[in-house]
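Structure file run17.csv (CSV, C-alpha atoms) follows.
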```csv
chain,number,residue,atom,x,y,z
A,248,MET,CA,-93.5,36.2,-130.9
A,249,LEU,CA,-91.0,38.8,-132.2
A,250,PHE,CA,-94.0,41.0,-133.4
A,251,PHE,CA,-95.6,41.0,-129.9
A,252,ARG,CA,-92.3,41.9,-128.3
A,253,LEU,CA,-91.9,44.8,-130.6
A,254,VAL,CA,-95.4,46.0,-129.9
A,255,LEU,CA,-94.8,45.7,-126.1
A,256,LEU,CA,-91.6,47.6,-126.5
A,257,MET,CA,-93.3,50.4,-128.4
A,258,ILE,CA,-96.1,50.6,-125.8
A,259,LEU,CA,-93.5,50.8,-123.0
A,260,ILE,CA,-91.6,53.6,-124.8
A,261,PHE,CA,-94.8,55.5,-125.4
A,262,PHE,CA,-95.8,55.1,-121.7
A,263,LEU,CA,-92.4,56.3,-120.5
A,264,HIS,CA,-92.5,59.3,-122.9
A,265,PHE,CA,-96.1,60.2,-121.8
A,266,THR,CA,-95.2,59.9,-118.1
A,267,PHE,CA,-92.1,62.1,-118.5
A,268,SER,CA,-94.0,64.7,-120.5
A,269,CYS,CA,-96.7,64.9,-117.9
A,270,LYS,CA,-94.2,65.3,-115.1
A,271,THR,CA,-92.4,68.0,-117.0
A,272,GLU,CA,-95.7,69.9,-117.5
A,273,ASN,CA,-96.6,69.6,-113.9
A,274,ILE,CA,-93.3,71.1,-112.6
A,275,TYR,CA,-93.1,73.8,-115.3
A,276,PRO,CA,-94.4,77.1,-113.9
A,277,THR,CA,-97.7,77.9,-115.5
A,278,ASN,CA,-97.1,81.6,-116.2
A,279,ILE,CA,-93.7,81.1,-118.0
A,280,PRO,CA,-93.8,80.8,-121.8
A,281,LYS,CA,-93.0,77.2,-122.9
A,282,GLU,CA,-90.3,78.6,-125.2
A,283,ALA,CA,-88.3,79.9,-122.2
A,284,LYS,CA,-84.9,78.3,-121.6
A,285,PHE,CA,-84.0,77.0,-118.2
A,286,ASP,CA,-80.6,77.6,-116.7
A,287,LYS,CA,-79.9,74.8,-114.1
A,288,ARG,CA,-76.9,76.6,-112.7
A,289,LYS,CA,-78.7,79.8,-112.0
A,290,ASN,CA,-82.1,78.2,-111.5
A,291,LEU,CA,-83.7,80.8,-113.8
A,292,TYR,CA,-85.9,80.8,-116.9
A,293,THR,CA,-85.1,83.2,-119.8
A,294,HIS,CA,-87.5,84.1,-122.6
A,295,VAL,CA,-86.9,86.5,-125.4
A,296,GLU,CA,-89.6,87.8,-127.7
A,297,LYS,CA,-90.0,90.9,-129.8
A,298,GLY,CA,-86.7,92.4,-128.5
A,299,ILE,CA,-87.6,92.0,-124.8
A,300,ARG,CA,-85.9,89.5,-122.5
A,301,LYS,CA,-87.7,88.4,-119.4
A,302,ILE,CA,-86.1,86.3,-116.7
A,303,TYR,CA,-88.2,84.3,-114.2
A,304,THR,CA,-87.4,82.5,-111.0
A,305,ALA,CA,-87.9,78.7,-110.7
A,306,GLU,CA,-91.2,79.6,-109.0
A,307,GLY,CA,-92.4,81.5,-112.0
A,308,LYS,CA,-91.9,85.1,-110.6
A,309,LEU,CA,-90.6,87.8,-112.9
A,310,TYR,CA,-87.1,88.7,-111.9
A,311,SER,CA,-86.0,91.1,-114.7
A,312,GLU,CA,-87.3,92.6,-118.0
A,313,CYS,CA,-84.9,94.3,-120.4
A,314,GLN,CA,-85.1,95.6,-124.0
A,315,LEU,CA,-82.5,94.3,-126.4
A,316,ASP,CA,-80.8,95.3,-129.6
A,317,ASP,CA,-80.3,93.2,-132.7
A,318,VAL,CA,-77.3,91.4,-131.2
A,319,MET,CA,-79.0,90.6,-127.9
A,320,ARG,CA,-77.3,93.4,-125.8
A,321,GLU,CA,-79.3,95.4,-123.4
A,322,HIS,CA,-80.6,98.4,-125.2
A,323,GLY,CA,-83.4,100.5,-123.7
A,324,ILE,CA,-85.2,100.3,-120.4
A,325,CYS,CA,-84.2,97.5,-118.0
A,326,LYS,CA,-85.8,96.6,-114.7
A,327,THR,CA,-85.2,94.1,-111.9
A,328,PHE,CA,-88.0,93.1,-109.5
A,329,LEU,CA,-88.3,91.7,-106.0
A,330,PRO,CA,-89.9,88.3,-106.8
A,331,ASN,CA,-92.0,88.0,-103.6
A,332,ASN,CA,-94.0,91.2,-104.2
A,333,GLY,CA,-93.0,92.5,-107.6
A,334,ARG,CA,-91.6,95.8,-106.4
A,335,VAL,CA,-88.9,97.4,-108.7
A,336,LEU,CA,-85.4,96.9,-107.3
A,337,SER,CA,-83.6,98.7,-110.1
A,338,VAL,CA,-84.5,100.6,-113.2
A,339,GLY,CA,-82.5,102.4,-115.9
A,340,ARG,CA,-81.5,102.5,-119.5
A,341,TYR,CA,-78.9,100.8,-121.6
A,342,VAL,CA,-77.3,101.9,-124.9
A,343,HIS,CA,-75.9,98.8,-126.6
A,344,GLY,CA,-74.9,97.1,-123.4
A,345,GLU,CA,-73.7,100.1,-121.5
A,346,LYS,CA,-75.6,101.8,-118.7
A,347,ASP,CA,-76.7,105.4,-119.7
A,348,GLY,CA,-78.5,108.2,-118.0
A,349,GLU,CA,-80.0,108.0,-114.5
A,350,TRP,CA,-80.3,104.6,-112.8
A,351,ILE,CA,-82.2,104.0,-109.6
A,352,TRP,CA,-81.9,101.2,-107.1
A,353,ASN,CA,-84.5,100.7,-104.3
A,354,PHE,CA,-84.7,99.0,-100.9
A,355,PRO,CA,-87.2,96.1,-100.6
A,356,ASN,CA,-89.5,98.5,-98.8
A,357,GLY,CA,-89.7,100.7,-102.0
A,358,ASN,CA,-87.6,103.6,-100.8
A,359,VAL,CA,-84.7,104.7,-103.0
A,360,TYR,CA,-81.3,103.2,-102.1
A,361,TYR,CA,-79.2,105.2,-104.5
A,362,LYS,CA,-79.3,107.1,-107.7
A,363,LEU,CA,-76.4,107.2,-110.1
A,364,HIS,CA,-75.8,108.6,-113.6
A,365,PHE,CA,-73.9,106.9,-116.4
A,366,SER,CA,-72.7,107.7,-119.9
A,367,HIS,CA,-72.2,105.1,-122.6
A,368,GLU,CA,-69.8,107.6,-124.3
A,369,LYS,CA,-67.5,108.3,-121.3
A,370,LYS,CA,-65.5,105.6,-119.7
A,371,ARG,CA,-62.2,105.9,-117.8
A,372,LYS,CA,-59.3,104.6,-119.8
A,373,VAL,CA,-57.4,102.8,-117.0
A,374,TRP,CA,-59.7,100.6,-115.0
A,375,ILE,CA,-59.3,98.1,-112.2
A,376,GLU,CA,-62.5,96.1,-111.8
A,377,THR,CA,-64.5,97.0,-108.7
A,378,ASN,CA,-68.2,97.3,-107.8
A,379,LEU,CA,-68.3,100.3,-110.1
A,380,LEU,CA,-68.4,100.2,-113.9
A,381,GLY,CA,-66.1,103.0,-115.0
A,382,ASN,CA,-68.6,104.9,-116.9
A,383,GLU,CA,-70.3,106.7,-114.0
A,384,HIS,CA,-70.9,110.3,-115.1
A,385,GLY,CA,-73.1,112.8,-113.3
A,386,PRO,CA,-74.7,113.2,-109.8
A,387,TYR,CA,-74.7,110.4,-107.3
A,388,PHE,CA,-77.0,110.1,-104.2
A,389,ARG,CA,-77.2,107.3,-101.7
A,390,TYR,CA,-79.9,107.0,-99.0
A,391,TYR,CA,-80.7,105.3,-95.8
A,392,GLU,CA,-83.6,102.8,-95.7
A,393,ASN,CA,-85.7,105.4,-93.9
A,394,GLY,CA,-85.3,107.8,-96.9
A,395,LYS,CA,-82.8,110.2,-95.4
A,396,LEU,CA,-79.8,111.2,-97.5
A,397,GLU,CA,-76.5,109.3,-96.6
A,398,GLU,CA,-74.1,110.4,-99.3
A,399,GLU,CA,-73.9,112.7,-102.3
A,400,GLY,CA,-71.3,113.5,-104.9
A,401,PHE,CA,-70.5,113.7,-108.6
A,402,TYR,CA,-68.6,111.5,-111.1
A,403,ASP,CA,-66.8,112.6,-114.2
A,404,THR,CA,-66.0,109.7,-116.6
A,405,GLY,CA,-65.9,107.2,-113.8
A,406,LEU,CA,-63.9,109.3,-111.4
A,407,LYS,CA,-65.0,111.1,-108.2
A,408,THR,CA,-65.0,114.8,-108.9
A,409,GLY,CA,-66.2,118.0,-107.2
A,410,LYS,CA,-67.8,118.3,-103.7
A,411,TRP,CA,-68.8,115.1,-101.7
A,412,LYS,CA,-70.7,114.9,-98.5
A,413,LYS,CA,-71.7,112.0,-96.2
A,414,PHE,CA,-74.3,112.2,-93.4
A,415,TYR,CA,-74.9,110.1,-90.3
A,416,TYR,CA,-78.2,108.3,-89.9
A,417,LYS,CA,-79.8,111.1,-87.9
A,418,GLY,CA,-78.8,113.7,-90.5
A,419,ASN,CA,-75.6,115.2,-88.9
A,420,LEU,CA,-72.7,115.8,-91.4
A,421,GLU,CA,-70.1,113.1,-91.2
A,422,TYR,CA,-67.6,114.4,-93.7
A,423,GLU,CA,-67.2,116.9,-96.6
A,424,GLY,CA,-64.6,117.7,-99.1
A,425,GLU,CA,-63.6,117.8,-102.8
A,426,TYR,CA,-62.2,115.3,-105.3
A,427,TYR,CA,-60.4,115.7,-108.5
A,428,GLN,CA,-60.1,112.5,-110.6
A,429,ASP,CA,-60.5,110.3,-107.5
A,430,LYS,CA,-58.0,112.3,-105.5
A,431,LYS,CA,-58.8,114.4,-102.4
A,432,ILE,CA,-58.0,118.0,-102.9
A,433,LEU,CA,-58.1,121.2,-100.9
A,434,LYS,CA,-59.8,121.0,-97.5
A,435,TRP,CA,-61.6,118.0,-96.0
A,436,LYS,CA,-63.4,117.9,-92.7
A,437,TYR,CA,-64.7,114.9,-90.7
A,438,TYR,CA,-67.1,115.2,-87.7
A,439,TYR,CA,-68.2,113.1,-84.7
A,440,PRO,CA,-71.9,112.3,-84.4
A,441,ASN,CA,-72.2,115.1,-81.8
A,442,GLY,CA,-71.1,117.6,-84.5
A,443,ASN,CA,-67.7,118.3,-83.1
A,444,LEU,CA,-64.8,118.3,-85.6
A,445,GLU,CA,-62.9,114.9,-85.6
A,446,MET,CA,-60.3,115.6,-88.3
A,447,ALA,CA,-59.3,118.3,-90.7
A,448,GLU,CA,-57.1,117.6,-93.8
A,449,GLU,CA,-55.5,119.9,-96.4
A,450,PHE,CA,-54.3,118.9,-99.9
A,451,THR,CA,-52.9,120.7,-102.9
A,452,GLU,CA,-55.0,121.1,-106.1
A,453,ASN,CA,-53.2,118.0,-107.4
A,454,GLY,CA,-54.0,115.9,-104.4
A,455,ASN,CA,-50.7,116.1,-102.6
A,456,PHE,CA,-51.0,115.9,-98.8
A,457,LEU,CA,-50.2,119.0,-96.8
A,458,LEU,CA,-51.7,118.9,-93.3
A,459,ARG,CA,-53.8,116.7,-91.0
A,460,LYS,CA,-55.2,117.6,-87.5
A,461,THR,CA,-57.2,115.2,-85.4
A,462,TYR,CA,-59.4,116.1,-82.4
A,463,PHE,CA,-60.9,114.4,-79.4
A,464,PRO,CA,-64.7,114.1,-79.1
A,465,ASN,CA,-64.7,117.0,-76.6
A,466,GLY,CA,-63.1,119.3,-79.3
A,467,LYS,CA,-59.6,119.3,-77.9
A,468,LEU,CA,-56.7,119.0,-80.4
A,469,ASN,CA,-55.2,115.5,-80.5
A,470,CYS,CA,-52.6,115.2,-83.3
A,471,THR,CA,-51.0,117.5,-85.9
A,472,LYS,CA,-49.3,116.0,-89.0
A,473,GLN,CA,-47.6,118.1,-91.7
A,474,ILE,CA,-45.9,116.9,-94.8
A,475,THR,CA,-42.4,117.5,-93.5
A,476,GLU,CA,-42.9,116.6,-89.9
A,477,GLU,CA,-43.7,113.6,-87.7
A,478,ALA,CA,-47.1,113.6,-86.1
A,479,LYS,CA,-47.3,115.6,-82.9
A,480,CYS,CA,-49.9,114.2,-80.5
A,481,LEU,CA,-51.3,115.3,-77.1
A,482,GLU,CA,-52.9,113.3,-74.4
A,483,GLU,CA,-56.6,113.7,-73.8
```

Take the structure in the file and write it out as structure tokens.
Amino acid sequence: MLFFRLVLLMILIFFLHFTFSCKTENIYPTNIPKEAKFDKRKNLYTHVEKGIRKIYTAEGKLYSECQLDDVMREHGICKTFLPNNGRVLSVGRYVHGEKDGEWIWNFPNGNVYYKLHFSHEKKRKVWIETNLLGNEHGPYFRYYENGKLEEEGFYDTGLKTGKWKKFYYKGNLEYEGEYYQDKKILKWKYYYPNGNLEMAEEFTENGNFLLRKTYFPNGKLNCTKQITEEAKCLEE
């Protein structure tokens, strides 16, 4: 009797194991390597082979593909994709885990969203975490979804430097001025969508405020503010 019970138990264990294995195979995306590891929290599969890491969605669509170094840091070309159509969302290069050179991000329609340059050798010393990384270095361009330029400027070791401009959707200039180490310097001008001057500012070469004038949309002077005086404003 004990022998038959053991046989029945073994059959039951085998049956449950076979059933579970079949279910696992049925829900596992067919185009993902079986060695891929599943992250329940992120709902993503990760597979690493020959120095390349590929990440897939739970539906089996490729989400990112990056080259790695010997200690599993991004090193080389790295891309992210839009899972529903495979279009490239971002592409750029890493050097041992740090972004380097030109990076490009795209809109879902394929048009460029923005271009930004980085340097793995230049990173600002004092850094408060933001959406930037601190090692931006070189030209910067941001675009509207229709392809028109929205903003352009330059970074030096993670800091805004040199001339910066921003444009309205229809192409008119919105503002222009210069930065030095993230500080506004010299003359800055801001414009209404109709092209009329909205505000003019002046700063020293070290970024100290000197003068601000604001204007009504019709071009009439509104307020004047100097460093040693209270703002003087007029009624429209």

Practice item. Counting all atoms listed in the file, figure out which residue out of A:Arg389, A:Gly409, A:Thr404, A:Arg334 gets nearest to Phe365 in chain A. Key: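 Answer, going by the shortest atom-to-atom distance: A:Thr404.
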
Review point. Which neighbours of Lys395 in chain A fall inside 9 Å, counting only C-alpha atoms, when residues of the same chain fewer than 6 positions from it are skipped, and could you give them as a ChimeraX atom specification?
Key: /A:389,414,416-418

Tell me which residues come within 9 Å of (-81.7, 105.7, -94.8), as an mmCIF file with C-alpha atoms, in the frame of the given file, counting only C-alpha atoms in the file's coordinates.
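After the write, out28.cif holds the following:
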```
data_model
loop_
_atom_site.group_PDB
_atom_site.id
_atom_site.type_symbol
_atom_site.label_atom_id
_atom_site.label_comp_id
_atom_site.auth_asym_id
_atom_site.auth_seq_id
_atom_site.Cartn_x
_atom_site.Cartn_y
_atom_site.Cartn_z
ATOM 1 C CA ASN A 358 -87.600 103.600 -100.800
ATOM 2 C CA VAL A 359 -84.700 104.700 -103.000
ATOM 3 C CA TYR A 360 -81.300 103.200 -102.100
ATOM 4 C CA ARG A 389 -77.200 107.300 -101.700
ATOM 5 C CA TYR A 390 -79.900 107.000 -99.000
ATOM 6 C CA TYR A 391 -80.700 105.300 -95.800
ATOM 7 C CA GLU A 392 -83.600 102.800 -95.700
ATOM 8 C CA ASN A 393 -85.700 105.400 -93.900
ATOM 9 C CA GLY A 394 -85.300 107.800 -96.900
ATOM 10 C CA LYS A 395 -82.800 110.200 -95.400
ATOM 11 C CA LEU A 396 -79.800 111.200 -97.500
ATOM 12 C CA GLU A 397 -76.500 109.300 -96.600
ATOM 13 C CA TYR A 416 -78.200 108.300 -89.900
ATOM 14 C CA LYS A 417 -79.800 111.100 -87.900
#
```

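CA of Val338 in chain A sits 5.7 Å away from CA of Cys325 in chain A.
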
Practice item. Rounded to one decimal place, report the CA of Glu306 in chain A-CA of Gly344 in chain A distance in Å. Key: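 Interatomic distance here is 27.9 Å.
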
Review point. What does the distance from CA of Val335 in chain A to CA of Glu383 in chain A come to in Å, to one decimal?
Key: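 Computed distance, CA of Val335 in chain A to CA of Glu383 in chain A, equals 21.5 Å.
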
Practice item. For Gln314 in chain A, please output as a list in words all residues within 12 Å (counting only C-alpha atoms; exclusion window: fewer than 4 positions along the same chain). Key: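 Using only C-alpha atoms, the neighbours found are His294, Val295, Glu296, Lys297, Gly298, Ile299, Arg300, Lys301, Ile302, Val318, Met319, Arg320, Glu321, His322, Gly323, Ile324, Cys325, Lys326, Val338, Gly339, Arg340, Tyr341, Val342, His343 and Gly344 of chain A.
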
Exercise for review: Give the answer as one residue: which of A:Tyr387, A:Tyr292, A:Tyr427, A:Tyr422 has the shortest atom-to-atom distance to Leu406 in chain A, using only C-alpha atoms?
Suggested key: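 Distance minimum relative to Leu406 in chain A lands on A:Tyr427.
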
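Within the 8 Å cut-off around Ser366 in chain A, using only C-alpha atoms and omitting residues fewer than 2 positions from it on the same chain, the listed residues are A:Glu345, A:Lys346, A:Asp347, A:Gly348, A:His364, A:Glu368, A:Lys369, A:Lys370, A:Asn382, A:Glu383, A:His384, A:Thr404.
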
With C-alpha atoms retained, could you export that selection as a JSON list (two decimals), in the frame of the given file?
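This went into part-v8.json:
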```json
[["chain", "number", "residue", "atom", "x", "y", "z"],
["A", 345, "GLU", "CA", -73.70, 100.10, -121.50],
["A", 346, "LYS", "CA", -75.60, 101.80, -118.70],
["A", 347, "ASP", "CA", -76.70, 105.40, -119.70],
["A", 348, "GLY", "CA", -78.50, 108.20, -118.00],
["A", 364, "HIS", "CA", -75.80, 108.60, -113.60],
["A", 368, "GLU", "CA", -69.80, 107.60, -124.30],
["A", 369, "LYS", "CA", -67.50, 108.30, -121.30],
["A", 370, "LYS", "CA", -65.50, 105.60, -119.70],
["A", 382, "ASN", "CA", -68.60, 104.90, -116.90],
["A", 383, "GLU", "CA", -70.30, 106.70, -114.00],
["A", 384, "HIS", "CA", -70.90, 110.30, -115.10],
["A", 404, "THR", "CA", -66.00, 109.70, -116.60]]
```

Check your understanding: Using only C-alpha atoms, which residues sit within 8 Å of Tyr426 in chain A once same-chain residues fewer than 6 positions away are excluded, as an MDAnalysis selection string?
Key -> chainID A and resid 407:411 432

Kindly export the residues of the current selection with C-alpha atoms, as an mmCIF file, in the coordinates of the input.
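After the write, result10.cif holds the following:
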```
data_model
loop_
_atom_site.group_PDB
_atom_site.id
_atom_site.type_symbol
_atom_site.label_atom_id
_atom_site.label_comp_id
_atom_site.auth_asym_id
_atom_site.auth_seq_id
_atom_site.Cartn_x
_atom_site.Cartn_y
_atom_site.Cartn_z
ATOM 1 C CA LYS A 407 -65.000 111.100 -108.200
ATOM 2 C CA THR A 408 -65.000 114.800 -108.900
ATOM 3 C CA GLY A 409 -66.200 118.000 -107.200
ATOM 4 C CA LYS A 410 -67.800 118.300 -103.700
ATOM 5 C CA TRP A 411 -68.800 115.100 -101.700
ATOM 6 C CA ILE A 432 -58.000 118.000 -102.900
#
```

**Study point:** Within 10 Å of Met446 in chain A using only C-alpha atoms, minus same-chain residues under 5 positions, as a list in words
**Key:** Tyr422, Trp435, Lys436, Tyr437, Tyr438, Tyr439, Arg459, Lys460, Thr461, Tyr462, Phe463, Leu468, Asn469, Cys470 and Thr471 of chain A

Practice item. May I ask which of the residues A:Asn441, A:Glu312, A:Lys434, A:Asp403 is the closest one to Asn419 in chain A, counting only C-alpha atoms? Key: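 Checking each candidate against Asn419 in chain A, we get A:Asn441 as the closest.
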
Study note, to complete from the structure: Leu444 in chain A proximity check over A:Phe401, A:Asn278, A:Leu420, A:Pro355, using all atoms listed in the file: winner is A:Leu420

Check your understanding: For Leu363 in chain A, which residue out of A:Asp429, A:Pro330, A:Gly400, A:Lys413 is the nearest one, using only C-alpha atoms?
Key -> A:Gly400

For range 327-353 of chain A, where the input has fewer atoms than it should, I would like N, CA and C atoms rebuilt and written as a PDB file, in the coordinates of the input.
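See out.pdb below for the written result:
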```
ATOM      1  N   THR A 327     -85.256  95.300-112.751  1.00  0.00           N
ATOM      2  CA  THR A 327     -85.200  94.100-111.900  1.00  0.00           C
ATOM      3  C   THR A 327     -86.305  94.212-110.869  1.00  0.00           C
ATOM      4  N   PHE A 328     -86.826  93.069-110.422  1.00  0.00           N
ATOM      5  CA  PHE A 328     -88.000  93.100-109.500  1.00  0.00           C
ATOM      6  C   PHE A 328     -87.662  92.188-108.281  1.00  0.00           C
ATOM      7  N   LEU A 329     -88.329  92.500-107.190  1.00  0.00           N
ATOM      8  CA  LEU A 329     -88.300  91.700-106.000  1.00  0.00           C
ATOM      9  C   LEU A 329     -89.344  90.567-106.209  1.00  0.00           C
ATOM     10  N   PRO A 330     -88.933  89.321-106.359  1.00  0.00           N
ATOM     11  CA  PRO A 330     -89.900  88.300-106.800  1.00  0.00           C
ATOM     12  C   PRO A 330     -91.064  88.080-105.822  1.00  0.00           C
ATOM     13  N   ASN A 331     -90.880  88.294-104.522  1.00  0.00           N
ATOM     14  CA  ASN A 331     -92.000  88.000-103.600  1.00  0.00           C
ATOM     15  C   ASN A 331     -93.127  88.978-103.644  1.00  0.00           C
ATOM     16  N   ASN A 332     -92.867  90.221-104.102  1.00  0.00           N
ATOM     17  CA  ASN A 332     -94.000  91.200-104.200  1.00  0.00           C
ATOM     18  C   ASN A 332     -94.000  92.017-105.446  1.00  0.00           C
ATOM     19  N   GLY A 333     -93.036  91.805-106.340  1.00  0.00           N
ATOM     20  CA  GLY A 333     -93.000  92.500-107.600  1.00  0.00           C
ATOM     21  C   GLY A 333     -92.548  93.920-107.602  1.00  0.00           C
ATOM     22  N   ARG A 334     -92.065  94.420-106.457  1.00  0.00           N
ATOM     23  CA  ARG A 334     -91.600  95.800-106.400  1.00  0.00           C
ATOM     24  C   ARG A 334     -90.289  95.936-107.244  1.00  0.00           C
ATOM     25  N   VAL A 335     -90.114  97.116-107.832  1.00  0.00           N
ATOM     26  CA  VAL A 335     -88.900  97.400-108.700  1.00  0.00           C
ATOM     27  C   VAL A 335     -87.717  97.563-107.777  1.00  0.00           C
ATOM     28  N   LEU A 336     -86.675  96.757-108.021  1.00  0.00           N
ATOM     29  CA  LEU A 336     -85.400  96.900-107.300  1.00  0.00           C
ATOM     30  C   LEU A 336     -84.458  97.833-107.999  1.00  0.00           C
ATOM     31  N   SER A 337     -84.464  97.818-109.337  1.00  0.00           N
ATOM     32  CA  SER A 337     -83.600  98.700-110.100  1.00  0.00           C
ATOM     33  C   SER A 337     -84.265  99.049-111.421  1.00  0.00           C
ATOM     34  N   VAL A 338     -84.006 100.246-111.923  1.00  0.00           N
ATOM     35  CA  VAL A 338     -84.500 100.600-113.200  1.00  0.00           C
ATOM     36  C   VAL A 338     -83.595 101.653-113.851  1.00  0.00           C
ATOM     37  N   GLY A 339     -83.368 101.496-115.146  1.00  0.00           N
ATOM     38  CA  GLY A 339     -82.500 102.400-115.900  1.00  0.00           C
ATOM     39  C   GLY A 339     -82.470 102.052-117.337  1.00  0.00           C
ATOM     40  N   ARG A 340     -81.593 102.709-118.062  1.00  0.00           N
ATOM     41  CA  ARG A 340     -81.500 102.500-119.500  1.00  0.00           C
ATOM     42  C   ARG A 340     -80.152 102.109-119.950  1.00  0.00           C
ATOM     43  N   TYR A 341     -80.115 101.238-120.933  1.00  0.00           N
ATOM     44  CA  TYR A 341     -78.900 100.800-121.600  1.00  0.00           C
ATOM     45  C   TYR A 341     -78.786 101.388-122.979  1.00  0.00           C
ATOM     46  N   VAL A 342     -77.560 101.597-123.453  1.00  0.00           N
ATOM     47  CA  VAL A 342     -77.300 101.900-124.900  1.00  0.00           C
ATOM     48  C   VAL A 342     -76.293 100.874-125.355  1.00  0.00           C
ATOM     49  N   HIS A 343     -76.779  99.902-126.094  1.00  0.00           N
ATOM     50  CA  HIS A 343     -75.900  98.800-126.600  1.00  0.00           C
ATOM     51  C   HIS A 343     -75.031  98.203-125.582  1.00  0.00           C
ATOM     52  N   GLY A 344     -75.644  97.801-124.478  1.00  0.00           N
ATOM     53  CA  GLY A 344     -74.900  97.100-123.400  1.00  0.00           C
ATOM     54  C   GLY A 344     -74.260  97.924-122.374  1.00  0.00           C
ATOM     55  N   GLU A 345     -74.291  99.246-122.515  1.00  0.00           N
ATOM     56  CA  GLU A 345     -73.700 100.100-121.500  1.00  0.00           C
ATOM     57  C   GLU A 345     -74.764 100.932-120.800  1.00  0.00           C
ATOM     58  N   LYS A 346     -74.665 101.008-119.471  1.00  0.00           N
ATOM     59  CA  LYS A 346     -75.600 101.800-118.700  1.00  0.00           C
ATOM     60  C   LYS A 346     -75.504 103.283-119.160  1.00  0.00           C
ATOM     61  N   ASP A 347     -76.649 103.979-119.200  1.00  0.00           N
ATOM     62  CA  ASP A 347     -76.700 105.400-119.700  1.00  0.00           C
ATOM     63  C   ASP A 347     -77.772 106.114-118.962  1.00  0.00           C
ATOM     64  N   GLY A 348     -77.499 107.389-118.633  1.00  0.00           N
ATOM     65  CA  GLY A 348     -78.500 108.200-118.000  1.00  0.00           C
ATOM     66  C   GLY A 348     -78.675 107.816-116.502  1.00  0.00           C
ATOM     67  N   GLU A 349     -79.782 108.215-115.911  1.00  0.00           N
ATOM     68  CA  GLU A 349     -80.000 108.000-114.500  1.00  0.00           C
ATOM     69  C   GLU A 349     -80.477 106.540-114.235  1.00  0.00           C
ATOM     70  N   TRP A 350     -79.840 105.905-113.258  1.00  0.00           N
ATOM     71  CA  TRP A 350     -80.300 104.600-112.800  1.00  0.00           C
ATOM     72  C   TRP A 350     -80.669 104.740-111.312  1.00  0.00           C
ATOM     73  N   ILE A 351     -81.712 103.997-110.927  1.00  0.00           N
ATOM     74  CA  ILE A 351     -82.200 104.000-109.600  1.00  0.00           C
ATOM     75  C   ILE A 351     -82.293 102.638-108.996  1.00  0.00           C
ATOM     76  N   TRP A 352     -81.752 102.457-107.794  1.00  0.00           N
ATOM     77  CA  TRP A 352     -81.900 101.200-107.100  1.00  0.00           C
ATOM     78  C   TRP A 352     -82.709 101.450-105.813  1.00  0.00           C
ATOM     79  N   ASN A 353     -83.563 100.502-105.451  1.00  0.00           N
ATOM     80  CA  ASN A 353     -84.500 100.700-104.300  1.00  0.00           C
ATOM     81  C   ASN A 353     -84.257  99.625-103.240  1.00  0.00           C
TER      82      ASN A 353
END
```
